[in-house]
Amino acid sequence: MFGFIAGSAATSGLASVYKYNRDSWMTNVQMAQSRRIQKQNALLSQVSMFREDVRDLVGVFRQKQSSHILVLTIIIGMMGTCYIDALLPDGAFEYVVTLYYMSVGSTLLYLILSLACSIGAGVLAANCQQEMLTTVVRLPIKDIAEELDKTAFEESAEAFEHQHWSQVFRLPASAWLHRSPPRAPPTPRGQPRAGMQTKPNSLLLSGPRRAHSLPDVVPRKQSTH
(Lines give C-alpha, C1' and ligand atoms only; values in the text may rest on other atoms or scores of the structure.)
Protein backbone atom coordinates (compact mmCIF):
# COMPACT_ATOMS: atom_id res chain seq x y z
CA MET A 1 0.00 0.00 0.00
CA PHE A 2 2.81 2.39 0.92
CA GLY A 3 4.63 1.56 -2.31
CA PHE A 4 1.50 2.30 -4.33
CA ILE A 5 1.09 5.66 -2.63
CA ALA A 6 4.76 6.52 -3.14
CA GLY A 7 4.57 5.50 -6.81
CA SER A 8 1.42 7.56 -7.30
CA ALA A 9 3.06 10.59 -5.66
CA ALA A 10 6.20 10.20 -7.78
CA THR A 11 4.14 9.82 -10.94
CA SER A 12 2.06 12.87 -10.07
CA GLY A 13 5.22 14.87 -9.35
CA LEU A 14 6.82 13.86 -12.65
CA ALA A 15 3.61 14.71 -14.48
CA SER A 16 3.54 18.13 -12.84
CA VAL A 17 7.19 18.76 -13.70
CA TYR A 18 6.59 17.59 -17.28
CA LYS A 19 3.56 19.87 -17.63
CA TYR A 20 5.48 22.82 -16.14
CA ASN A 21 8.42 22.33 -18.52
CA ARG A 22 6.13 21.86 -21.49
CA ASP A 23 4.20 25.04 -20.70
CA SER A 24 7.47 26.91 -20.23
CA TRP A 25 8.68 25.52 -23.56
CA MET A 26 5.56 26.72 -25.36
CA THR A 27 5.86 30.13 -23.72
CA ASN A 28 9.48 30.40 -24.84
CA VAL A 29 8.47 29.36 -28.35
CA GLN A 30 5.84 32.08 -28.49
CA MET A 31 8.31 34.68 -27.22
CA ALA A 32 10.88 33.57 -29.80
CA GLN A 33 8.27 33.82 -32.53
CA SER A 34 7.31 37.31 -31.39
CA ARG A 35 10.95 38.42 -31.40
CA ARG A 36 11.46 36.89 -34.84
CA ILE A 37 8.40 38.66 -36.20
CA GLN A 38 9.60 41.99 -34.79
CA LYS A 39 13.04 41.41 -36.28
CA GLN A 40 11.57 40.54 -39.67
CA ASN A 41 9.33 43.61 -39.60
CA ALA A 42 12.30 45.81 -38.75
CA LEU A 43 14.29 44.22 -41.57
CA LEU A 44 11.48 44.74 -44.06
CA SER A 45 11.09 48.34 -42.94
CA GLN A 46 14.82 48.92 -43.34
CA VAL A 47 14.89 47.48 -46.85
CA SER A 48 11.80 49.50 -47.78
CA MET A 49 13.56 52.62 -46.52
CA PHE A 50 16.60 51.78 -48.65
CA ARG A 51 14.39 51.37 -51.71
CA GLU A 52 12.73 54.70 -51.02
CA ASP A 53 16.18 56.29 -50.69
CA VAL A 54 17.14 54.94 -54.12
CA ARG A 55 13.94 56.31 -55.64
CA ASP A 56 14.40 59.70 -53.97
CA LEU A 57 18.05 60.10 -54.98
CA VAL A 58 17.47 59.04 -58.56
CA GLY A 59 14.32 61.17 -58.74
CA VAL A 60 16.17 64.29 -57.57
CA PHE A 61 18.94 63.66 -60.12
CA ARG A 62 16.48 63.16 -62.96
CA GLN A 63 14.62 66.32 -61.96
CA LYS A 64 17.88 68.28 -62.16
CA GLN A 65 18.62 66.82 -65.58
CA SER A 66 15.12 67.71 -66.74
CA SER A 67 15.74 71.32 -65.67
CA HIS A 68 19.05 71.32 -67.57
CA ILE A 69 17.35 69.91 -70.66
CA LEU A 70 14.68 72.63 -70.55
CA VAL A 71 17.23 75.44 -70.23
CA LEU A 72 19.45 73.95 -72.94
CA THR A 73 16.50 73.59 -75.30
CA ILE A 74 15.58 77.26 -74.89
CA ILE A 75 19.16 78.41 -75.43
CA ILE A 76 19.54 76.15 -78.49
CA GLY A 77 16.41 77.69 -79.97
CA MET A 78 17.76 81.19 -79.41
CA MET A 79 21.16 80.34 -80.89
CA GLY A 80 19.52 78.64 -83.87
CA THR A 81 17.58 81.83 -84.56
CA CYS A 82 20.81 83.83 -84.34
CA TYR A 83 22.52 81.45 -86.76
CA ILE A 84 19.72 81.38 -89.33
CA ASP A 85 18.47 84.97 -89.13
CA ALA A 86 21.80 86.69 -88.67
CA LEU A 87 21.34 90.46 -88.84
CA LEU A 88 24.77 91.60 -89.94
CA PRO A 89 25.42 94.94 -91.61
CA ASP A 90 25.84 94.83 -95.36
CA GLY A 91 29.28 96.37 -95.28
CA ALA A 92 30.71 93.88 -92.75
CA PHE A 93 34.07 92.40 -93.53
CA GLU A 94 34.31 88.79 -94.58
CA TYR A 95 36.38 87.73 -91.58
CA VAL A 96 33.77 89.26 -89.23
CA VAL A 97 31.00 87.22 -90.85
CA THR A 98 33.18 84.12 -90.74
CA LEU A 99 34.01 84.60 -87.07
CA TYR A 100 30.35 85.22 -86.24
CA TYR A 101 29.17 82.00 -87.86
CA MET A 102 32.06 80.06 -86.33
CA SER A 103 31.19 81.34 -82.85
CA VAL A 104 27.48 80.68 -83.18
CA GLY A 105 28.08 77.30 -84.83
CA SER A 106 30.51 76.15 -82.11
CA THR A 107 28.04 77.35 -79.47
CA LEU A 108 25.28 75.30 -81.09
CA LEU A 109 27.57 72.28 -81.24
CA TYR A 110 28.46 72.41 -77.54
CA LEU A 111 24.85 73.08 -76.58
CA ILE A 112 23.67 70.06 -78.55
CA LEU A 113 26.39 67.93 -76.94
CA SER A 114 25.29 69.16 -73.50
CA LEU A 115 21.68 68.35 -74.35
CA ALA A 116 22.65 64.85 -75.48
CA CYS A 117 24.69 64.28 -72.31
CA SER A 118 21.79 65.43 -70.12
CA ILE A 119 19.38 63.09 -71.89
CA GLY A 120 21.89 60.23 -71.62
CA ALA A 121 22.40 60.95 -67.91
CA GLY A 122 18.64 60.71 -67.33
CA VAL A 123 18.47 57.41 -69.20
CA LEU A 124 21.44 56.00 -67.25
CA ALA A 125 19.87 57.12 -63.97
CA ALA A 126 16.63 55.33 -64.86
CA ASN A 127 18.55 52.17 -65.77
CA CYS A 128 20.54 52.38 -62.52
CA GLN A 129 17.34 52.73 -60.52
CA GLN A 130 15.82 49.74 -62.27
CA GLU A 131 18.90 47.61 -61.65
CA MET A 132 19.17 48.67 -58.00
CA LEU A 133 15.51 47.94 -57.24
CA THR A 134 15.33 44.64 -59.12
CA THR A 135 18.69 43.04 -58.37
CA VAL A 136 20.47 44.75 -55.43
CA VAL A 137 17.98 46.24 -52.97
CA ARG A 138 15.36 43.51 -52.91
CA LEU A 139 12.93 42.61 -50.16
CA PRO A 140 14.39 39.62 -48.24
CA ILE A 141 11.33 37.45 -48.80
CA LYS A 142 13.39 34.41 -49.75
CA ASP A 143 15.65 34.71 -46.69
CA ILE A 144 12.67 35.09 -44.38
CA ALA A 145 10.98 32.04 -45.92
CA GLU A 146 14.17 29.97 -45.51
CA GLU A 147 14.48 31.08 -41.88
CA LEU A 148 10.87 30.09 -41.18
CA ASP A 149 11.37 26.69 -42.81
CA LYS A 150 14.58 26.16 -40.84
CA THR A 151 13.00 26.94 -37.48
CA ALA A 152 9.66 25.24 -38.16
CA PHE A 153 10.52 22.06 -36.26
CA GLU A 154 12.32 23.86 -33.42
CA GLU A 155 9.19 25.87 -32.68
CA SER A 156 6.82 22.90 -32.67
CA ALA A 157 5.48 20.96 -29.69
CA GLU A 158 7.14 17.81 -31.01
CA ALA A 159 10.58 19.36 -30.60
CA PHE A 160 10.03 19.42 -26.82
CA GLU A 161 9.84 15.63 -26.76
CA HIS A 162 13.11 15.30 -28.70
CA GLN A 163 15.09 16.95 -25.91
CA HIS A 164 17.18 15.14 -23.36
CA TRP A 165 15.26 13.70 -20.41
CA SER A 166 17.14 16.04 -18.07
CA GLN A 167 15.56 18.98 -19.85
CA VAL A 168 12.12 17.40 -20.10
CA PHE A 169 11.99 16.65 -16.36
CA ARG A 170 14.07 19.62 -15.21
CA LEU A 171 13.13 20.75 -11.74
CA PRO A 172 11.98 24.35 -11.38
CA ALA A 173 14.65 26.77 -10.14
CA SER A 174 17.36 24.13 -10.61
CA ALA A 175 19.54 26.66 -12.36
CA TRP A 176 20.27 28.29 -9.01
CA LEU A 177 22.02 25.11 -7.86
CA HIS A 178 24.50 25.23 -10.74
CA ARG A 179 25.19 28.95 -10.47
CA SER A 180 28.74 29.73 -9.37
CA PRO A 181 29.27 32.25 -6.52
CA PRO A 182 30.26 35.78 -7.54
CA ARG A 183 33.97 36.46 -7.67
CA ALA A 184 35.76 39.53 -6.39
CA PRO A 185 36.85 41.94 -9.13
CA PRO A 186 40.58 41.72 -9.98
CA THR A 187 42.87 44.39 -8.61
CA PRO A 188 44.15 46.75 -11.35
CA ARG A 189 47.84 46.46 -12.15
CA GLY A 190 50.02 49.03 -10.44
CA GLN A 191 47.56 49.63 -7.59
CA PRO A 192 48.61 48.64 -4.03
CA ARG A 193 46.81 45.77 -2.40
CA ALA A 194 44.84 46.00 0.78
CA GLY A 195 47.08 46.43 3.87
CA MET A 196 49.88 48.12 1.89
CA GLN A 197 50.80 51.82 1.89
CA THR A 198 52.88 53.81 -0.57
CA LYS A 199 56.01 55.75 0.40
CA PRO A 200 57.49 58.30 -2.01
CA ASN A 201 61.03 57.59 -3.14
CA SER A 202 63.01 59.99 -5.31
CA LEU A 203 64.82 58.49 -8.27
CA LEU A 204 67.45 60.63 -9.97
CA LEU A 205 68.09 59.90 -13.63
CA SER A 206 71.34 60.66 -15.43
CA GLY A 207 71.39 63.50 -17.93
CA PRO A 208 69.41 66.70 -18.12
CA ARG A 209 66.14 64.97 -17.17
CA ARG A 210 64.31 65.90 -14.03
CA ALA A 211 64.05 63.78 -10.92
CA HIS A 212 60.98 61.61 -10.81
CA SER A 213 59.37 60.21 -7.71
CA LEU A 214 58.24 56.61 -7.84
CA PRO A 215 56.10 54.97 -5.18
CA ASP A 216 57.63 52.11 -3.19
CA VAL A 217 55.32 49.59 -1.67
CA VAL A 218 56.10 49.29 2.03
CA PRO A 219 54.21 46.96 4.36
CA ARG A 220 52.09 48.76 6.87
CA LYS A 221 53.30 48.38 10.44
CA GLN A 222 51.08 46.25 12.56
CA SER A 223 49.73 47.81 15.68
CA THR A 224 51.08 46.43 18.94
CA HIS A 225 47.92 47.22 20.84
# chains A, B, ... in the order shown; residues from 1 in each chain; ligands from 1
$ residues_around --residues "stretch 37-43 of chain A" --least-positions-apart "3" --cutoff "9 Å" --atoms "only C-alpha atoms" --output "list in words"
Ala32, Gln33, Ser34, Gln46, Val47, Ser48, Leu139, Pro140 and Ile144 of chain A
$ write_last_selection --atoms "N, CA, C and O atoms" --output "PDB file, in the first residue's frame"
ATOM      1  N   ALA A  32       9.910  33.588 -28.692  1.00  0.00           N
ATOM      2  CA  ALA A  32      10.875  33.568 -29.797  1.00  0.00           C
ATOM      3  C   ALA A  32      10.202  33.934 -31.115  1.00  0.00           C
ATOM      4  O   ALA A  32      10.782  34.653 -31.945  1.00  0.00           O
ATOM      5  N   GLN A  33       8.988  33.448 -31.319  1.00  0.00           N
ATOM      6  CA  GLN A  33       8.267  33.815 -32.534  1.00  0.00           C
ATOM      7  C   GLN A  33       7.962  35.307 -32.575  1.00  0.00           C
ATOM      8  O   GLN A  33       8.077  35.936 -33.634  1.00  0.00           O
ATOM      9  N   SER A  34       7.582  35.869 -31.438  1.00  0.00           N
ATOM     10  CA  SER A  34       7.309  37.308 -31.395  1.00  0.00           C
ATOM     11  C   SER A  34       8.569  38.125 -31.694  1.00  0.00           C
ATOM     12  O   SER A  34       8.526  39.099 -32.459  1.00  0.00           O
ATOM     13  N   GLN A  46      13.516  48.382 -42.947  1.00  0.00           N
ATOM     14  CA  GLN A  46      14.819  48.925 -43.344  1.00  0.00           C
ATOM     15  C   GLN A  46      15.039  48.805 -44.845  1.00  0.00           C
ATOM     16  O   GLN A  46      15.487  49.759 -45.497  1.00  0.00           O
ATOM     17  N   VAL A  47      14.719  47.652 -45.406  1.00  0.00           N
ATOM     18  CA  VAL A  47      14.893  47.476 -46.851  1.00  0.00           C
ATOM     19  C   VAL A  47      13.951  48.408 -47.619  1.00  0.00           C
ATOM     20  O   VAL A  47      14.331  48.981 -48.653  1.00  0.00           O
ATOM     21  N   SER A  48      12.728  48.568 -47.137  1.00  0.00           N
ATOM     22  CA  SER A  48      11.798  49.498 -47.784  1.00  0.00           C
ATOM     23  C   SER A  48      12.334  50.924 -47.741  1.00  0.00           C
ATOM     24  O   SER A  48      12.201  51.691 -48.713  1.00  0.00           O
ATOM     25  N   LEU A 139      13.520  43.017 -51.430  1.00  0.00           N
ATOM     26  CA  LEU A 139      12.931  42.609 -50.160  1.00  0.00           C
ATOM     27  C   LEU A 139      13.390  41.193 -49.815  1.00  0.00           C
ATOM     28  O   LEU A 139      13.333  40.306 -50.678  1.00  0.00           O
ATOM     29  N   PRO A 140      13.845  40.951 -48.596  1.00  0.00           N
ATOM     30  CA  PRO A 140      14.392  39.623 -48.244  1.00  0.00           C
ATOM     31  C   PRO A 140      13.298  38.586 -47.999  1.00  0.00           C
ATOM     32  O   PRO A 140      13.267  37.938 -46.955  1.00  0.00           O
ATOM     33  N   ILE A 144      13.636  35.263 -45.461  1.00  0.00           N
ATOM     34  CA  ILE A 144      12.672  35.089 -44.380  1.00  0.00           C
ATOM     35  C   ILE A 144      11.970  33.740 -44.497  1.00  0.00           C
ATOM     36  O   ILE A 144      11.751  33.040 -43.488  1.00  0.00           O
TER      37      ILE A 144
END
$ select_by_dssp --residues "stretch 55-180 of chain A" --states "alpha helix (DSSP H)" --output "PyMOL selection string"
chain A and resi 55-84+94-131+141-150+158-161+165-168
$ residues_around --residues "stretch 62-68 of chain A" --least-positions-apart "6" --cutoff "10 Å" --atoms "only C-alpha atoms" --output "PyMOL selection string"
chain A and resi 56+114-115+117-126
$ atom_distance --atom1 "atom CA of A:Ile141" --atom2 "atom CA of A:Leu44"
8.7 Å
$ residues_around --residues "A:Leu108" --least-positions-apart "5" --cutoff "8 Å" --atoms "only C-alpha atoms" --output "PyMOL selection string"
chain A and resi 76+79-80
$ write_last_selection --atoms "all heavy atoms" --output "PDB file, in the first residue's frame"
ATOM      1  N   ILE A  76      19.286  76.653 -77.129  1.00  0.00           N
ATOM      2  CA  ILE A  76      19.544  76.153 -78.488  1.00  0.00           C
ATOM      3  C   ILE A  76      18.606  76.817 -79.487  1.00  0.00           C
ATOM      4  O   ILE A  76      18.997  77.175 -80.607  1.00  0.00           O
ATOM      5  CB  ILE A  76      19.402  74.618 -78.511  1.00  0.00           C
ATOM      6  CG1 ILE A  76      20.605  73.977 -77.815  1.00  0.00           C
ATOM      7  CG2 ILE A  76      19.300  74.096 -79.937  1.00  0.00           C
ATOM      8  CD1 ILE A  76      20.486  72.487 -77.659  1.00  0.00           C
ATOM      9  N   MET A  79      19.941  80.337 -80.073  1.00  0.00           N
ATOM     10  CA  MET A  79      21.161  80.336 -80.893  1.00  0.00           C
ATOM     11  C   MET A  79      20.874  79.904 -82.322  1.00  0.00           C
ATOM     12  O   MET A  79      21.518  80.378 -83.274  1.00  0.00           O
ATOM     13  CB  MET A  79      22.204  79.424 -80.253  1.00  0.00           C
ATOM     14  CG  MET A  79      22.689  79.878 -78.885  1.00  0.00           C
ATOM     15  SD  MET A  79      23.294  81.585 -78.860  1.00  0.00           S
ATOM     16  CE  MET A  79      24.670  81.485 -79.986  1.00  0.00           C
ATOM     17  N   GLY A  80      19.903  79.006 -82.505  1.00  0.00           N
ATOM     18  CA  GLY A  80      19.518  78.641 -83.874  1.00  0.00           C
ATOM     19  C   GLY A  80      18.927  79.813 -84.626  1.00  0.00           C
ATOM     20  O   GLY A  80      19.193  80.011 -85.829  1.00  0.00           O
TER      21      GLY A  80
END
$ residues_around --residues "A:Cys82" --least-positions-apart "4" --cutoff "8 Å" --atoms "only C-alpha atoms" --output "list in words"
Met78, Ala86 and Val104 of chain A
$ residues_around --residues "A:Tyr101" --least-positions-apart "4" --cutoff "10 Å" --atoms "only C-alpha atoms" --output "ChimeraX atom specification"
/A:82-84,86,95-97,105-107
$ atom_distance --atom1 "atom CA of A:Val54" --atom2 "atom CA of A:Gln129"
6.8 Å
$ closest_residue --among "A:Ile112, A:Ile69, A:Ser45, A:Val60" --to "A:Arg138" --atoms "only C-alpha atoms"
A:Ser45
$ atom_distance --atom1 "atom CA of A:Leu133" --atom2 "atom CA of A:Phe61"
16.3 Å
